[in-house]
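Q: My structure is below; once you've seen it, I'll send some questions.
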Amino acid sequence: MSDTPPKPDMTTGSEPGREVEQEGAVRDKLVATKEQWARDGRALTGHAADPARDRLPPGQRLVTDWPVLDLGITPKVTTANWTLAVDGLVENPLSWTWEDFQAQPQESFVSDIHCVTTWSRYDNRWEGVSARRLLELTRPKPEARFVVFHSFDGYTTNVALSDFDDDGVLLATTWEGQPIGRDHGGPVRIVLPKLYFWKSAKWVKRIELLAGDRKGYWEVRGYNNHADPWLEERYSD
Ligand SMILES: Nc1nc2c(c(=O)[nH]1)N[C@H]1C(S)=C(S)[C@@H](COP(=O)(O)O)O[C@H]1N2
Ligand SMILES: [Mo]
């Protein structure tokens with residue numbers, strides 16, 4: 001019943017991966033507002049929708065720009081200091097530099113973004129390494145069922161391995177043919193097109209595979225563990 005895991009602290013010292021300089025500070029007011037939204041059930045319509053019939057999930061509105069949304073810390077990650085660790089319950093843990101990443105087959109995928117703050121943006125062309133390629137190389141152990149993404153700003157978010165091991169899931173480096181900018185999580189961010197965008201970790205530095213689920217930054221603050229926009233899985237029950 002009282003499921004209160006420790007709040008992730010916003011330091012990166014205990015995580016594998018190179019330290020990078022941070023710019024800015026956590027926007028406490030924004031965090032408090034979003035925690036209030038979760039308590040209020042803000043933007044819930046009470047209706048599910050069918051992605052085969054509709055394009056816009058319930059309670060969403062279309063935008064044509066691309067808003068920047070994060071905790072307020074912008075890590076100074078570059079292609080020179082970026083590293084990625086994939087560890088936990090995998091047969092073949094890996095540690096990549098930018099060059100290692102670029103040596104992998106690159107795939108392209110077009111998807112829509114749905115943010116829990118109610119904006120959606122259609123037809124984003126992403127390019128990068130697919131989650132499936134990463135899993136093929138690292139080979140999750142049979143008991144691995146969950147994934148936690150760790151980012152250079154200290155952010156974390158969690159998904160089921162089955163949601164990571166899915167079509168269109170990318171470690172993305174370009175958007176609309178351009179390198180993803182620092183504000184949007186470049187040089188490498190996760191894109192999970194079937195889930196609300198808070199699951200798509202910016203500035204990813206570590207992907208950890210686990211047997212048991214472990215909630216991330218927003219998930220411990222009242223946001224839904226699964227986050228399917230078609231089912232309006234905005235908040236936890
Ligand atoms: N590392 C990191 N990733 C993050 C966040 C963050 O604060 N830090 N915020 C999440 C949230 S709440 C959203 S809506 C999207 C926003 O991505 P964008 O700024 O590129 O639109 O990033 C997600 N990934
Ligand atoms: Mo968000």
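Going by the structure tokens order, chains are called A, B, ..., each with residues numbered from 1, while ligands are numbered from 1 in the order shown.
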Which residues form the shell of 8 Å around ligand 1 when you count only C-alpha atoms and all ligand atoms, given as an MDAnalysis selection string?

A: chainID A and resid 66:73 115:117 150:156 183:185 189 196:204 218

Q: When you look at Val159 of chain A with a cut-off of 9 Å (counting only C-alpha atoms), what residues show up, excluding the ones that are within fewer than 6 positions of it in the same chain? I need them as a ChimeraX atom specification.

A: /A:146-149,199,213-215,225-226

Q: With a distance cut-off of 9 Å and only C-alpha atoms, select the neighbouring residues of Arg39 of chain A, excluding the residue or stretch itself and same-chain residues fewer than 4 positions from it, and output the selection as a VMD selection string.

A: chain A and resid 34 to 35 222 235

Q: Save out the residues we just selected, all heavy atoms, as a CSV table (one decimal), in the first residue's frame.

A:
chain,number,residue,atom,x,y,z
A,34,LYS,N,3.5,20.4,-11.4
A,34,LYS,CA,3.2,19.1,-12.0
A,34,LYS,C,2.7,18.1,-11.0
A,34,LYS,O,1.9,17.2,-11.3
A,34,LYS,CB,4.3,18.6,-12.9
A,34,LYS,CG,4.5,19.5,-14.1
A,34,LYS,CD,5.6,19.0,-15.1
A,34,LYS,CE,5.3,17.8,-15.9
A,34,LYS,NZ,6.3,17.6,-16.9
A,35,GLU,N,3.3,18.1,-9.8
A,35,GLU,CA,2.8,17.3,-8.7
A,35,GLU,C,1.3,17.6,-8.4
A,35,GLU,O,0.5,16.7,-8.2
A,35,GLU,CB,3.7,17.4,-7.5
A,35,GLU,CG,5.0,16.8,-7.6
A,35,GLU,CD,5.9,17.0,-6.4
A,35,GLU,OE1,6.1,18.1,-5.9
A,35,GLU,OE2,6.5,16.0,-5.9
A,222,GLY,N,3.6,10.8,-8.8
A,222,GLY,CA,2.2,10.7,-9.1
A,222,GLY,C,1.9,10.4,-10.6
A,222,GLY,O,0.7,10.4,-11.0
A,235,TYR,N,-1.7,9.8,-14.9
A,235,TYR,CA,-1.4,9.7,-13.4
A,235,TYR,C,-1.6,8.3,-12.9
A,235,TYR,O,-2.2,7.5,-13.5
A,235,TYR,CB,-2.2,10.8,-12.7
A,235,TYR,CG,-2.2,12.1,-13.4
A,235,TYR,CD1,-3.4,12.6,-14.0
A,235,TYR,CD2,-1.1,12.8,-13.6
A,235,TYR,CE1,-3.5,13.8,-14.6
A,235,TYR,CE2,-1.1,14.1,-14.3
A,235,TYR,CZ,-2.3,14.5,-14.8
A,235,TYR,OH,-2.3,15.7,-15.5

Q: From a DSSP calculation on the backbone, collect every residue of segment 2-227 of chain A in strand (DSSP E or B) and output the set as a VMD selection string.

A: chain A and resid 22 to 23 61 to 62 74 to 75 83 to 88 90 94 to 97 107 to 114 119 to 130 140 146 to 151 156 to 160 170 to 175 178 to 179 189 to 191 204 to 210 223

Q: Taking 6 positions as the minimum chain separation for residues in the same chain, which residues sit within 8 Å of segment 41-43 of chain A when counting only C-alpha atoms? Answer as a count of residues only.

A: 4

Q: When you look at Leu94 of chain A with a cut-off of 9 Å (counting only C-alpha atoms), what residues show up, excluding the ones that are within fewer than 4 positions of it in the same chain? I need them as a VMD selection string.

A: chain A and resid 84 to 87 137 to 138

Q: Using only C-alpha atoms and all ligand atoms, which of the listed residues (A:Val77, A:Val169, A:Ala25, A:Leu30) sits closest to ligand 2?

A: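 Smallest separation from ligand 2 among the options: A:Leu30.
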
Q: By how many Å are atom CA of Ser111 of chain A and atom CA of Pro193 of chain A apart?

A: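 So the two atoms, atom CA of Ser111 of chain A and atom CA of Pro193 of chain A, lie 5.9 Å apart.
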
Q: Quick one: residues within 12 Å of Lys194 of chain A, only C-alpha atoms counted, chain neighbours fewer than 5 positions away excluded, as a PyMOL selection string?

A: chain A and resi 51+57+110-115+159+162-170+199-200+226-233

Q: Give me, as a PDB file with all heavy atoms, in the first residue's frame, all polymer residues having an atom no more than 10 Å from Trp175 of chain A, counting only C-alpha atoms and skipping those fewer than 6 positions away in the same chain.

A:
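Output below, filename part23.pdb:
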ATOM      1  N   SER A 108      15.785   5.172 -39.286  1.00  0.00           N
ATOM      2  CA  SER A 108      14.982   6.380 -39.305  1.00  0.00           C
ATOM      3  C   SER A 108      13.533   6.008 -39.030  1.00  0.00           C
ATOM      4  O   SER A 108      13.070   4.941 -39.461  1.00  0.00           O
ATOM      5  CB  SER A 108      15.130   7.021 -40.682  1.00  0.00           C
ATOM      6  OG  SER A 108      14.334   8.166 -40.747  1.00  0.00           O
ATOM      7  N   PHE A 109      12.832   6.861 -38.293  1.00  0.00           N
ATOM      8  CA  PHE A 109      11.461   6.545 -37.918  1.00  0.00           C
ATOM      9  C   PHE A 109      10.689   7.846 -37.727  1.00  0.00           C
ATOM     10  O   PHE A 109      11.221   8.792 -37.164  1.00  0.00           O
ATOM     11  CB  PHE A 109      11.462   5.717 -36.624  1.00  0.00           C
ATOM     12  CG  PHE A 109      10.186   4.970 -36.396  1.00  0.00           C
ATOM     13  CD1 PHE A 109       9.959   3.735 -36.991  1.00  0.00           C
ATOM     14  CD2 PHE A 109       9.193   5.504 -35.577  1.00  0.00           C
ATOM     15  CE1 PHE A 109       8.775   3.049 -36.785  1.00  0.00           C
ATOM     16  CE2 PHE A 109       8.005   4.817 -35.356  1.00  0.00           C
ATOM     17  CZ  PHE A 109       7.789   3.589 -35.965  1.00  0.00           C
ATOM     18  N   VAL A 110       9.454   7.863 -38.212  1.00  0.00           N
ATOM     19  CA  VAL A 110       8.596   9.051 -38.054  1.00  0.00           C
ATOM     20  C   VAL A 110       7.538   8.740 -37.005  1.00  0.00           C
ATOM     21  O   VAL A 110       6.872   7.707 -37.081  1.00  0.00           O
ATOM     22  CB  VAL A 110       7.927   9.443 -39.389  1.00  0.00           C
ATOM     23  CG1 VAL A 110       6.981  10.619 -39.190  1.00  0.00           C
ATOM     24  CG2 VAL A 110       8.989   9.776 -40.432  1.00  0.00           C
ATOM     25  N   ASN A 124       7.341  13.601 -36.501  1.00  0.00           N
ATOM     26  CA  ASN A 124       8.736  13.927 -36.180  1.00  0.00           C
ATOM     27  C   ASN A 124       9.629  12.844 -36.760  1.00  0.00           C
ATOM     28  O   ASN A 124       9.473  11.665 -36.429  1.00  0.00           O
ATOM     29  CB  ASN A 124       8.913  13.989 -34.659  1.00  0.00           C
ATOM     30  CG  ASN A 124       8.006  15.024 -34.044  1.00  0.00           C
ATOM     31  OD1 ASN A 124       8.366  16.192 -33.969  1.00  0.00           O
ATOM     32  ND2 ASN A 124       6.799  14.609 -33.648  1.00  0.00           N
ATOM     33  N   ARG A 125      10.543  13.248 -37.616  1.00  0.00           N
ATOM     34  CA  ARG A 125      11.459  12.260 -38.208  1.00  0.00           C
ATOM     35  C   ARG A 125      12.720  12.141 -37.358  1.00  0.00           C
ATOM     36  O   ARG A 125      13.496  13.085 -37.221  1.00  0.00           O
ATOM     37  CB  ARG A 125      11.822  12.626 -39.651  1.00  0.00           C
ATOM     38  CG  ARG A 125      12.868  11.641 -40.233  1.00  0.00           C
ATOM     39  CD  ARG A 125      13.011  11.759 -41.738  1.00  0.00           C
ATOM     40  NE  ARG A 125      11.841  11.256 -42.434  1.00  0.00           N
ATOM     41  CZ  ARG A 125      11.584   9.962 -42.672  1.00  0.00           C
ATOM     42  NH1 ARG A 125      12.449   9.026 -42.289  1.00  0.00           N
ATOM     43  NH2 ARG A 125      10.499   9.602 -43.306  1.00  0.00           N
ATOM     44  N   TRP A 126      12.897  10.979 -36.777  1.00  0.00           N
ATOM     45  CA  TRP A 126      14.045  10.703 -35.907  1.00  0.00           C
ATOM     46  C   TRP A 126      15.006   9.759 -36.599  1.00  0.00           C
ATOM     47  O   TRP A 126      14.588   8.901 -37.359  1.00  0.00           O
ATOM     48  CB  TRP A 126      13.590  10.003 -34.615  1.00  0.00           C
ATOM     49  CG  TRP A 126      12.496  10.662 -33.863  1.00  0.00           C
ATOM     50  CD1 TRP A 126      11.173  10.320 -33.886  1.00  0.00           C
ATOM     51  CD2 TRP A 126      12.600  11.763 -32.958  1.00  0.00           C
ATOM     52  NE1 TRP A 126      10.456  11.140 -33.048  1.00  0.00           N
ATOM     53  CE2 TRP A 126      11.303  12.032 -32.473  1.00  0.00           C
ATOM     54  CE3 TRP A 126      13.668  12.553 -32.512  1.00  0.00           C
ATOM     55  CZ2 TRP A 126      11.040  13.047 -31.556  1.00  0.00           C
ATOM     56  CZ3 TRP A 126      13.408  13.558 -31.604  1.00  0.00           C
ATOM     57  CH2 TRP A 126      12.113  13.807 -31.131  1.00  0.00           C
ATOM     58  N   GLU A 127      16.266   9.885 -36.254  1.00  0.00           N
ATOM     59  CA  GLU A 127      17.257   8.935 -36.728  1.00  0.00           C
ATOM     60  C   GLU A 127      18.160   8.538 -35.565  1.00  0.00           C
ATOM     61  O   GLU A 127      18.463   9.377 -34.708  1.00  0.00           O
ATOM     62  CB  GLU A 127      18.086   9.567 -37.839  1.00  0.00           C
ATOM     63  CG  GLU A 127      18.766   8.558 -38.743  1.00  0.00           C
ATOM     64  CD  GLU A 127      19.466   9.287 -39.872  1.00  0.00           C
ATOM     65  OE1 GLU A 127      20.371  10.081 -39.559  1.00  0.00           O
ATOM     66  OE2 GLU A 127      19.102   9.062 -41.025  1.00  0.00           O
ATOM     67  N   GLY A 128      18.567   7.287 -35.538  1.00  0.00           N
ATOM     68  CA  GLY A 128      19.461   6.827 -34.468  1.00  0.00           C
ATOM     69  C   GLY A 128      19.570   5.327 -34.477  1.00  0.00           C
ATOM     70  O   GLY A 128      19.308   4.675 -35.488  1.00  0.00           O
ATOM     71  N   GLY A 181      19.290  19.176 -30.729  1.00  0.00           N
ATOM     72  CA  GLY A 181      19.958  20.240 -29.982  1.00  0.00           C
ATOM     73  C   GLY A 181      20.065  19.903 -28.506  1.00  0.00           C
ATOM     74  O   GLY A 181      19.383  19.006 -28.002  1.00  0.00           O
ATOM     75  N   HIS A 184      16.916  19.783 -26.373  1.00  0.00           N
ATOM     76  CA  HIS A 184      16.018  18.644 -26.586  1.00  0.00           C
ATOM     77  C   HIS A 184      16.676  17.304 -26.266  1.00  0.00           C
ATOM     78  O   HIS A 184      16.161  16.255 -26.622  1.00  0.00           O
ATOM     79  CB  HIS A 184      15.489  18.653 -28.015  1.00  0.00           C
ATOM     80  CG  HIS A 184      14.465  19.732 -28.261  1.00  0.00           C
ATOM     81  ND1 HIS A 184      13.246  19.759 -27.616  1.00  0.00           N
ATOM     82  CD2 HIS A 184      14.495  20.832 -29.063  1.00  0.00           C
ATOM     83  CE1 HIS A 184      12.557  20.811 -28.027  1.00  0.00           C
ATOM     84  NE2 HIS A 184      13.294  21.486 -28.888  1.00  0.00           N
ATOM     85  N   GLY A 186      20.045  16.336 -26.880  1.00  0.00           N
ATOM     86  CA  GLY A 186      21.165  15.882 -27.670  1.00  0.00           C
ATOM     87  C   GLY A 186      22.432  15.796 -26.840  1.00  0.00           C
ATOM     88  O   GLY A 186      22.510  16.387 -25.768  1.00  0.00           O
TER      89      GLY A 186
END

Q: For ligand 2, which of A:Trp82, A:Lys76, A:Leu62, A:Val31 is the closest residue, counting only C-alpha atoms and all ligand atoms?

A: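 So, comparing all the options, the nearest one is A:Val31.
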
Q: State, in Å with one decimal place, the distance from atom CA of Leu161 of chain A to atom CA of Arg121 of chain A.

A: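 Atom-to-atom, atom CA of Leu161 of chain A and atom CA of Arg121 of chain A are spaced 25.4 Å apart.
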
Q: Between A:Trp96, A:Phe101, A:Tyr122, A:Trp37, single out the one closest to ligand 2, counting only C-alpha atoms and all ligand atoms.

A: A:Trp37

Q: Identify which of the residues A:Pro179, A:Asn224, A:Glu91, A:Gly212 lies closest to ligand 2, counting only C-alpha atoms and all ligand atoms when measuring atom-to-atom distances.

A: A:Asn224

Q: Between A:Val188, A:Ala103, A:Thr64, A:Pro58, single out the one closest to Gly46 of chain A, counting only C-alpha atoms.

A: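 Of all the options, A:Pro58 lies closest to Gly46 of chain A.
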
Q: Looking only at the backbone, which of the residues in segment 202-231 of chain A does DSSP tag as helix (DSSP H, G or I), as a ChimeraX atom specification?

A: /A:219-221,229-231

Q: Could you check the closest approach to Leu171 of chain A for each of A:Glu107, A:Asp237, A:Asp28, A:Glu219 and tell me which residue wins, using only C-alpha atoms?

A: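 Once distances to Leu171 of chain A are computed over only C-alpha atoms, the minimum belongs to A:Glu107.
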